[in-house]
>>> print(open('input15.txt').read())   # compact mmCIF, C-alpha atoms (C1' of nucleotides)
# COMPACT_ATOMS: atom_id res chain seq x y z
CA MET A 5 33.55 0.68 18.50
CA LEU A 6 32.34 -2.67 19.75
CA SER A 7 35.03 -4.88 21.16
CA PRO A 8 35.47 -8.19 19.31
CA ILE A 9 33.50 -11.09 20.69
CA SER A 10 34.01 -14.77 19.97
CA PRO A 11 31.18 -16.80 18.39
CA ALA A 12 31.03 -18.92 21.54
CA GLU A 13 30.73 -15.89 23.80
CA LEU A 14 28.10 -14.35 21.55
CA ALA A 15 26.05 -17.55 21.62
CA ALA A 16 26.31 -17.70 25.41
CA ARG A 17 25.25 -14.09 25.87
CA GLN A 18 22.33 -14.51 23.47
CA ALA A 19 21.21 -17.69 25.22
CA ALA A 20 21.32 -15.96 28.60
CA LEU A 21 19.24 -13.10 27.19
CA PHE A 22 16.65 -15.26 25.43
CA THR A 23 15.96 -17.48 28.44
CA ALA A 24 15.52 -14.67 30.97
CA PRO A 25 11.94 -13.72 31.91
CA SER A 26 10.63 -11.46 29.18
CA HIS A 27 10.59 -8.29 31.30
CA VAL A 28 14.24 -8.92 32.24
CA ALA A 29 15.21 -9.67 28.64
CA ALA A 30 13.39 -6.53 27.47
CA LYS A 31 15.43 -4.36 29.84
CA ARG A 32 18.72 -6.07 28.98
CA LEU A 33 18.11 -5.67 25.24
CA ILE A 34 18.42 -1.89 25.50
CA GLY A 35 21.80 -1.01 24.00
CA TRP A 36 22.18 -4.21 21.92
CA THR A 37 22.62 -3.86 18.16
CA LEU A 38 20.14 -5.42 15.71
CA ARG A 39 20.73 -5.61 11.99
CA VAL A 40 18.74 -7.21 9.14
CA ASP A 41 20.88 -7.75 6.05
CA GLY A 42 23.31 -5.25 7.52
CA VAL A 43 20.68 -2.57 8.11
CA GLY A 44 19.82 -1.52 11.66
CA GLY A 45 21.21 0.05 14.80
CA ARG A 46 21.09 0.15 18.61
CA ILE A 47 17.90 -0.96 20.34
CA VAL A 48 16.66 1.95 22.49
CA GLU A 49 13.07 0.94 23.34
CA THR A 50 11.30 -2.38 24.07
CA GLU A 51 8.20 -3.77 25.76
CA ALA A 52 7.70 -7.14 27.48
CA TYR A 53 4.71 -9.45 27.05
CA HIS A 54 3.98 -12.65 28.99
CA TYR A 55 1.45 -15.43 28.45
CA SER A 56 -0.20 -14.66 31.80
CA ASP A 57 -0.55 -11.00 30.78
CA PRO A 58 -3.99 -9.92 29.49
CA ALA A 59 -2.29 -7.52 27.04
CA SER A 60 -0.34 -10.36 25.37
CA HIS A 61 -1.39 -12.03 22.14
CA THR A 62 -0.71 -15.37 23.86
CA PHE A 63 -3.08 -14.72 26.79
CA PRO A 64 -5.99 -16.61 25.11
CA GLY A 65 -3.68 -19.59 24.40
CA PRO A 66 -1.98 -20.86 21.23
CA THR A 67 -3.55 -19.88 17.88
CA ALA A 68 -2.37 -19.84 14.27
CA ARG A 69 -1.33 -16.19 14.55
CA ASN A 70 0.67 -16.41 17.79
CA ALA A 71 2.19 -19.87 17.20
CA VAL A 72 5.71 -18.47 16.84
CA MET A 73 5.54 -17.03 20.36
CA PHE A 74 5.53 -20.65 21.57
CA ASP A 75 8.66 -21.46 19.53
CA PRO A 76 12.02 -21.73 21.33
CA PRO A 77 13.47 -18.40 22.56
CA GLY A 78 15.28 -16.45 19.84
CA ALA A 79 12.48 -16.75 17.27
CA ILE A 80 11.09 -13.66 15.55
CA TYR A 81 7.31 -13.11 15.87
CA VAL A 82 5.82 -10.64 13.37
CA TYR A 83 2.17 -9.58 13.30
CA ARG A 84 0.12 -6.95 11.49
CA SER A 85 -1.15 -4.06 13.55
CA TYR A 86 -4.18 -1.93 12.70
CA GLY A 87 -4.24 -3.54 9.27
CA ILE A 88 -1.38 -1.37 8.09
CA HIS A 89 1.83 -1.82 10.06
CA TRP A 90 4.10 -4.73 10.95
CA CYS A 91 5.38 -5.20 14.49
CA MET A 92 8.39 -7.35 15.40
CA ASN A 93 8.94 -9.33 18.59
CA LEU A 94 11.80 -11.44 19.89
CA VAL A 95 10.59 -14.58 21.67
CA CYS A 96 12.19 -14.54 25.13
CA GLY A 97 11.41 -16.08 28.46
CA ASP A 98 11.83 -18.86 30.96
CA GLU A 99 8.43 -20.26 29.89
CA PRO A 100 6.77 -20.50 26.43
CA GLY A 101 4.46 -17.82 25.12
CA SER A 102 6.43 -14.70 26.04
CA ALA A 103 8.19 -12.11 23.90
CA VAL A 104 9.78 -8.68 23.71
CA LEU A 105 8.29 -6.11 21.31
CA LEU A 106 10.98 -4.02 19.61
CA ARG A 107 9.64 -0.46 19.63
CA ALA A 108 12.55 1.75 18.59
CA ILE A 109 16.11 1.63 17.25
CA GLU A 110 18.76 4.31 16.93
CA PRO A 111 19.73 3.90 13.26
CA THR A 112 23.47 3.39 12.70
CA ASP A 113 23.84 1.08 9.68
CA GLY A 114 22.22 1.38 6.25
CA LEU A 115 20.76 4.86 6.72
CA ASP A 116 20.28 5.35 2.97
CA LEU A 117 18.30 2.13 2.53
CA MET A 118 16.18 2.89 5.59
CA ALA A 119 15.45 6.39 4.31
CA ALA A 120 14.45 4.98 0.92
CA ARG A 121 12.14 2.38 2.49
CA ARG A 122 10.57 4.98 4.79
CA GLY A 123 10.34 7.71 2.18
CA LEU A 124 11.95 10.31 4.44
CA GLU A 125 15.40 11.36 5.63
CA ASP A 126 15.12 12.41 9.28
CA PRO A 127 17.06 9.77 11.28
CA ARG A 128 14.78 10.38 14.25
CA LEU A 129 11.75 9.23 12.23
CA LEU A 130 13.32 6.15 10.62
CA CYS A 131 12.90 3.58 13.43
CA SER A 132 11.13 5.43 16.28
CA GLY A 133 8.11 3.15 16.62
CA PRO A 134 7.34 -0.53 16.11
CA GLY A 135 5.77 -0.06 12.68
CA ARG A 136 8.45 2.36 11.49
CA LEU A 137 11.22 0.04 12.67
CA CYS A 138 9.85 -2.88 10.66
CA GLN A 139 9.44 -0.76 7.54
CA ALA A 140 12.98 0.62 7.81
CA LEU A 141 14.53 -2.83 8.38
CA GLY A 142 12.42 -4.53 5.71
CA VAL A 143 10.69 -6.82 8.20
CA SER A 144 7.25 -8.25 7.38
CA ILE A 145 5.30 -11.48 7.81
CA ALA A 146 7.93 -13.01 5.49
CA GLN A 147 10.36 -12.98 8.44
CA ASN A 148 7.85 -14.48 10.91
CA GLY A 149 9.36 -17.58 12.52
CA LEU A 150 12.97 -16.87 11.52
CA ARG A 151 15.64 -16.78 14.21
CA VAL A 152 17.43 -13.65 15.37
CA ASP A 153 20.71 -15.54 15.79
CA ALA A 154 20.88 -16.54 12.10
CA PRO A 155 21.07 -14.60 8.81
CA PRO A 156 19.71 -12.22 7.69
CA PHE A 157 19.49 -11.19 11.35
CA GLU A 158 22.38 -10.15 13.60
CA LEU A 159 22.02 -9.44 17.31
CA LEU A 160 25.10 -8.18 19.15
CA PRO A 161 25.58 -7.11 22.78
CA GLY A 162 26.30 -3.46 23.45
CA PRO A 163 27.65 -1.50 26.41
CA ALA A 164 25.41 -1.26 29.45
CA VAL A 165 23.27 1.88 29.32
CA GLU A 166 21.00 3.63 31.80
CA VAL A 167 17.43 2.34 31.33
CA VAL A 168 14.16 4.05 32.20
CA VAL A 169 10.87 2.19 32.82
CA GLY A 170 7.25 3.09 32.22
CA PRO A 171 3.79 1.79 31.28
CA ARG A 172 3.37 0.15 27.86
CA ILE A 173 1.95 2.05 24.89
CA GLY A 174 -1.32 1.54 23.05
CA ILE A 175 -2.72 -1.36 25.04
CA THR A 176 -6.14 -1.56 26.68
CA LYS A 177 -5.50 -4.33 29.24
CA ALA A 178 -2.95 -4.47 32.08
CA VAL A 179 -2.29 -0.82 31.28
CA GLU A 180 -0.37 -0.12 34.48
CA THR A 181 2.15 -2.97 34.25
CA PRO A 182 5.45 -1.03 33.85
CA TRP A 183 7.00 -3.22 31.18
CA ARG A 184 8.17 -0.56 28.73
CA PHE A 185 11.93 0.05 28.74
CA GLY A 186 14.04 2.73 27.07
CA GLU A 187 17.51 4.18 27.00
CA LYS A 188 17.58 7.23 29.24
CA GLY A 189 17.89 10.44 27.25
CA SER A 190 17.65 8.79 23.83
CA ARG A 191 16.32 11.03 21.06
CA PHE A 192 15.08 7.98 19.12
CA LEU A 193 12.23 6.84 21.38
CA SER A 194 8.72 6.45 19.95
CA LYS A 195 7.39 8.65 22.79
CA PRO A 196 8.94 10.21 25.89
CA PHE A 197 8.80 8.30 29.15
CA PRO A 198 6.69 9.86 31.92
CA LYS A 199 8.83 11.72 34.45
CA THR A 200 9.48 9.75 37.61
C1' DG B 14 -21.16 -16.91 6.69
C1' DT B 15 -20.60 -11.80 9.26
C1' DA B 16 -18.83 -8.61 13.01
C1' DT B 17 -15.32 -6.66 15.71
C1' DG B 18 -11.26 -4.63 17.49
C1' DG B 19 -6.51 -3.66 17.87
C1' DA B 20 1.14 -4.00 21.13
C1' DT B 21 0.15 2.37 14.94
C1' DG B 22 1.53 6.23 12.23
C1' DG B 23 0.68 10.22 9.69
C1' DA B 24 -2.11 14.15 8.57
C1' DC B 25 -4.44 17.69 10.43
C1' DT B 26 -6.65 21.62 14.09
C1' DG C 27 -4.59 17.69 21.07
C1' DT C 28 -8.09 14.77 17.19
C1' DC C 29 -9.20 11.74 13.28
C1' DC C 30 -8.84 7.72 10.51
C1' DA C 31 -6.81 4.41 6.83
C1' DT C 32 -6.99 -0.57 6.37
C1' DC C 33 -6.11 -6.01 7.44
C1' DC C 34 -6.63 -10.30 9.64
C1' DA C 35 -7.39 -13.44 13.64
C1' DT C 36 -10.88 -14.36 16.32
C1' DA C 37 -15.67 -14.61 18.14
C1' DC C 38 -19.73 -14.69 17.19
C1' DT C 39 -24.65 -16.21 14.28
>>> encode(input="input15.txt", output="structure tokens")
Amino acid sequence: MLSPISPAELAARQAALFTAPSHVAAKRLIGWTLRVDGVGGRIVETEAYHYSDPASHTFPGPTARNAVMFDPPGAIYVYRSYGIHWCMNLVCGDEPGSAVLLRAIEPTDGLDLMAARRGLEDPRLLCSGPGRLCQALGVSIAQNGLRVDAPPFELLPGPAVEVVVGPRIGITKAVETPWRFGEKGSRFLSKPFPKT
DNA sequence: GTATGGATGGACT
DNA sequence: GTCCATCCATACT
């Protein structure tokens, strides 16, 4: 059970998260709870992207697609991946053009709706990947540019958890930058982390 | 105007 | 492990 938190404290903790460098925010986000219209769960896997990072959509500079990544921290950046899937980022950072990709959630709220949207029941397959997560939470380009600190989104701090680190998934540039973060031992990761 | 290449997931061997 | 569906921003001609 989450302890009650005042609106002022929530706003302060969100602001501190959003304005941290994206790789710090990505690590801190592990264990927070995200819901969209009441559907969601605990964030268990993230990746960080930075404008100076060749793997980032913002590396070539501002464009129509990545414009939201230059919005103030707390904005939601959604893009289509491989022509099929949606991927959801939270704009974070001490400089513009950086964000945290949400890769996996441990589903806790709205399991039935998530299962219906995904067309399957297994909780481990509902949100274990960036495309799956967006499908389960009903996130698409329609949510691009909205803010995570306003409805239909909710973002709440969780207890500190043990976090593991590894290289990011599916990229072709800056492959070795260890900016993927996950909750140690979680069964809801998109892929295991390499043993350290 | 056309060409290209993904921050993926699911089906299959 | 391999294969590939399918879209759009971007980089060309």
>>> residues_around(input="input15.txt", residues="range 92-100 of chain A", least_positions_apart="4", cutoff="10 Å", atoms="only C-alpha atoms (C1' of nucleotides)", output="ChimeraX atom specification")
/A:19-30,50-55,62,72-84,104-107,134-135,137-138,143-145,147-149,151-152 /B:20
>>> closest_residue(input="input15.txt", among="A:Gly44, A:Pro58, A:Gly174, A:Pro182", to="chain B", atoms="only C-alpha atoms (C1' of nucleotides)")
A:Gly174
>>> residues_around(input="input15.txt", residues="DC29 in chain C", least_positions_apart="6", cutoff="12 Å", atoms="only C-alpha atoms (C1' of nucleotides)", output="ChimeraX atom specification")
/B:23-26
>>> residues_around(input="input15.txt", residues="DG22 in chain B", least_positions_apart="6", cutoff="12 Å", atoms="only C-alpha atoms (C1' of nucleotides)", output="number ranges by chain")
A: 85-90, 122, 129-137, 139, 194; C: 30-31
>>> atom_distance(input="input15.txt", atom1="CA of Pro111 in chain A", atom2="CA of Lys31 in chain A")
19.0 Å
>>> atom_distance(input="input15.txt", atom1="CA of Ser190 in chain A", atom2="CA of Leu33 in chain A")
14.5 Å
>>> axis_aligned_box(input="input15.txt", around="range 28-38 of chain C", padding_each_side="3 Å", output="AutoDock Vina command-line options")
--center_x -12.9 --center_y 0.0 --center_z 12.3 --size_x 19.6 --size_y 35.5 --size_z 17.8
>>> interface_residues(input="input15.txt", of="chain C", to="chain A", cutoff="7 Å", atoms="all atoms listed in the file", output="list in words")
DT32, DC33 and DA35 of chain C
>>> atom_distance(input="input15.txt", atom1="CA of Asp113 in chain A", atom2="CA of Arg39 in chain A")
7.7 Å
>>> closest_residue(input="input15.txt", among="A:Val48, A:Ala178, A:Gly114, A:Leu38", to="chain B", atoms="all atoms listed in the file")
A:Ala178
>>> residues_around(input="input15.txt", residues="Val165 in chain A", least_positions_apart="2", cutoff="7 Å", atoms="only C-alpha atoms (C1' of nucleotides)", output="list in words")
Gly35, Pro163, Val167 and Glu187 of chain A
>>> write_last_selection(input="input15.txt", atoms="C-alpha atoms", output="PDB file, in the frame of the given file")
ATOM      1  CA  GLY A  35      21.800  -1.010  24.000  1.00  0.00           C
ATOM      2  CA  PRO A 163      27.650  -1.500  26.410  1.00  0.00           C
ATOM      3  CA  VAL A 167      17.430   2.340  31.330  1.00  0.00           C
ATOM      4  CA  GLU A 187      17.510   4.180  27.000  1.00  0.00           C
TER       5      GLU A 187
END
>>> closest_residue(input="input15.txt", among="A:Leu117, A:Leu150, A:Leu193, A:Ala59", to="DG19 in chain B", atoms="all atoms listed in the file")
A:Ala59
>>> closest_residue(input="input15.txt", among="A:Leu159, A:Glu125, A:Glu180, A:Phe63", to="Ala103 in chain A", atoms="only C-alpha atoms")
A:Phe63
>>> residues_around(input="input15.txt", residues="Gly170 in chain A", least_positions_apart="2", cutoff="8 Å", atoms="all atoms listed in the file", output="PyMOL selection string")
chain A and resi 168+172+182-185+197-198
>>> residues_near_point(input="input15.txt", point="(-20.4, -8.4, 16.2)", cutoff="10 Å", atoms="only C-alpha atoms (C1' of nucleotides)", output="PyMOL selection string")
(chain B and resi 15-18) or (chain C and resi 37-39)
>>> closest_residue(input="input15.txt", among="A:Ser60, A:Thr112, A:Ser102, A:Thr181", to="chain B", atoms="all atoms listed in the file")
A:Ser60
>>> decode(input="input15.txt", residues="range 26-110 of chain A", atoms="C-alpha atoms", output="PDB file, in the first residue's frame")
ATOM      1  CA  SER A  26      17.771  11.606 -18.332  1.00  0.00           C
ATOM      2  CA  HIS A  27      19.947   8.651 -17.285  1.00  0.00           C
ATOM      3  CA  VAL A  28      19.400   9.599 -13.626  1.00  0.00           C
ATOM      4  CA  ALA A  29      15.657  10.066 -14.134  1.00  0.00           C
ATOM      5  CA  ALA A  30      15.459   6.727 -15.958  1.00  0.00           C
ATOM      6  CA  LYS A  31      17.014   4.921 -12.993  1.00  0.00           C
ATOM      7  CA  ARG A  32      14.868   6.744 -10.430  1.00  0.00           C
ATOM      8  CA  LEU A  33      11.665   5.966 -12.346  1.00  0.00           C
ATOM      9  CA  ILE A  34      12.028   2.252 -11.606  1.00  0.00           C
ATOM     10  CA  GLY A  35       9.413   1.453  -8.963  1.00  0.00           C
ATOM     11  CA  TRP A  36       7.150   4.458  -9.686  1.00  0.00           C
ATOM     12  CA  THR A  37       3.537   3.797 -10.639  1.00  0.00           C
ATOM     13  CA  LEU A  38       2.115   4.956 -13.983  1.00  0.00           C
ATOM     14  CA  ARG A  39      -1.561   4.837 -14.849  1.00  0.00           C
ATOM     15  CA  VAL A  40      -3.535   6.042 -17.890  1.00  0.00           C
ATOM     16  CA  ASP A  41      -7.237   6.428 -17.112  1.00  0.00           C
ATOM     17  CA  GLY A  42      -6.639   4.235 -14.083  1.00  0.00           C
ATOM     18  CA  VAL A  43      -4.931   1.459 -16.051  1.00  0.00           C
ATOM     19  CA  GLY A  44      -1.264   0.690 -15.429  1.00  0.00           C
ATOM     20  CA  GLY A  45       1.209  -0.490 -12.824  1.00  0.00           C
ATOM     21  CA  ARG A  46       4.780  -0.250 -11.517  1.00  0.00           C
ATOM     22  CA  ILE A  47       7.510   0.811 -13.922  1.00  0.00           C
ATOM     23  CA  VAL A  48      10.145  -1.951 -13.996  1.00  0.00           C
ATOM     24  CA  GLU A  49      12.226  -1.097 -17.091  1.00  0.00           C
ATOM     25  CA  THR A  50      13.368   2.155 -18.764  1.00  0.00           C
ATOM     26  CA  GLU A  51      16.013   3.499 -21.130  1.00  0.00           C
ATOM     27  CA  ALA A  52      17.579   6.976 -21.263  1.00  0.00           C
ATOM     28  CA  TYR A  53      18.165   9.039 -24.404  1.00  0.00           C
ATOM     29  CA  HIS A  54      20.038  12.359 -24.659  1.00  0.00           C
ATOM     30  CA  TYR A  55      20.316  14.911 -27.455  1.00  0.00           C
ATOM     31  CA  SER A  56      24.084  14.350 -27.666  1.00  0.00           C
ATOM     32  CA  ASP A  57      23.510  10.598 -28.023  1.00  0.00           C
ATOM     33  CA  PRO A  58      23.677   9.184 -31.582  1.00  0.00           C
ATOM     34  CA  ALA A  59      20.919   6.683 -30.695  1.00  0.00           C
ATOM     35  CA  SER A  60      18.473   9.470 -29.781  1.00  0.00           C
ATOM     36  CA  HIS A  61      15.773  10.767 -32.103  1.00  0.00           C
ATOM     37  CA  THR A  62      16.904  14.286 -31.148  1.00  0.00           C
ATOM     38  CA  PHE A  63      20.540  13.767 -32.185  1.00  0.00           C
ATOM     39  CA  PRO A  64      19.970  15.306 -35.673  1.00  0.00           C
ATOM     40  CA  GLY A  65      18.259  18.340 -34.088  1.00  0.00           C
ATOM     41  CA  PRO A  66      14.607  19.416 -33.815  1.00  0.00           C
ATOM     42  CA  THR A  67      12.167  18.033 -36.409  1.00  0.00           C
ATOM     43  CA  ALA A  68       8.394  17.735 -36.665  1.00  0.00           C
ATOM     44  CA  ARG A  69       8.487  14.202 -35.254  1.00  0.00           C
ATOM     45  CA  ASN A  70      10.709  14.846 -32.226  1.00  0.00           C
ATOM     46  CA  ALA A  71       9.374  18.327 -31.362  1.00  0.00           C
ATOM     47  CA  VAL A  72       7.795  17.119 -28.118  1.00  0.00           C
ATOM     48  CA  MET A  73      11.201  16.009 -26.836  1.00  0.00           C
ATOM     49  CA  PHE A  74      12.094  19.718 -26.726  1.00  0.00           C
ATOM     50  CA  ASP A  75       8.982  20.524 -24.671  1.00  0.00           C
ATOM     51  CA  PRO A  76       9.357  21.177 -20.918  1.00  0.00           C
ATOM     52  CA  PRO A  77      10.152  18.072 -18.813  1.00  0.00           C
ATOM     53  CA  GLY A  78       7.078  15.999 -17.976  1.00  0.00           C
ATOM     54  CA  ALA A  79       5.742  15.881 -21.541  1.00  0.00           C
ATOM     55  CA  ILE A  80       4.872  12.562 -23.181  1.00  0.00           C
ATOM     56  CA  TYR A  81       6.630  11.810 -26.499  1.00  0.00           C
ATOM     57  CA  VAL A  82       5.033   9.025 -28.572  1.00  0.00           C
ATOM     58  CA  TYR A  83       6.415   7.737 -31.872  1.00  0.00           C
ATOM     59  CA  ARG A  84       5.680   4.826 -34.189  1.00  0.00           C
ATOM     60  CA  SER A  85       8.252   2.061 -34.331  1.00  0.00           C
ATOM     61  CA  TYR A  86       8.744  -0.325 -37.249  1.00  0.00           C
ATOM     62  CA  GLY A  87       5.495   0.959 -38.722  1.00  0.00           C
ATOM     63  CA  ILE A  88       3.457  -1.124 -36.319  1.00  0.00           C
ATOM     64  CA  HIS A  89       4.037  -0.301 -32.665  1.00  0.00           C
ATOM     65  CA  TRP A  90       3.825   2.825 -30.512  1.00  0.00           C
ATOM     66  CA  CYS A  91       6.579   3.702 -28.053  1.00  0.00           C
ATOM     67  CA  MET A  92       6.146   6.108 -25.143  1.00  0.00           C
ATOM     68  CA  ASN A  93       8.766   8.405 -23.632  1.00  0.00           C
ATOM     69  CA  LEU A  94       8.752  10.805 -20.704  1.00  0.00           C
ATOM     70  CA  VAL A  95      10.657  14.016 -21.447  1.00  0.00           C
ATOM     71  CA  CYS A  96      13.251  14.396 -18.680  1.00  0.00           C
ATOM     72  CA  GLY A  97      16.526  16.186 -18.313  1.00  0.00           C
ATOM     73  CA  ASP A  98      18.503  19.210 -17.254  1.00  0.00           C
ATOM     74  CA  GLU A  99      18.714  20.288 -20.920  1.00  0.00           C
ATOM     75  CA  PRO A 100      16.128  20.100 -23.758  1.00  0.00           C
ATOM     76  CA  GLY A 101      15.959  17.163 -26.129  1.00  0.00           C
ATOM     77  CA  SER A 102      16.261  14.274 -23.681  1.00  0.00           C
ATOM     78  CA  ALA A 103      13.782  11.617 -22.611  1.00  0.00           C
ATOM     79  CA  VAL A 104      13.215   8.288 -20.890  1.00  0.00           C
ATOM     80  CA  LEU A 105      11.722   5.415 -22.917  1.00  0.00           C
ATOM     81  CA  LEU A 106       9.258   3.350 -20.869  1.00  0.00           C
ATOM     82  CA  ARG A 107      10.010  -0.273 -21.771  1.00  0.00           C
ATOM     83  CA  ALA A 108       8.084  -2.378 -19.260  1.00  0.00           C
ATOM     84  CA  ILE A 109       5.498  -2.157 -16.485  1.00  0.00           C
ATOM     85  CA  GLU A 110       4.366  -4.683 -13.901  1.00  0.00           C
TER      86      GLU A 110
END
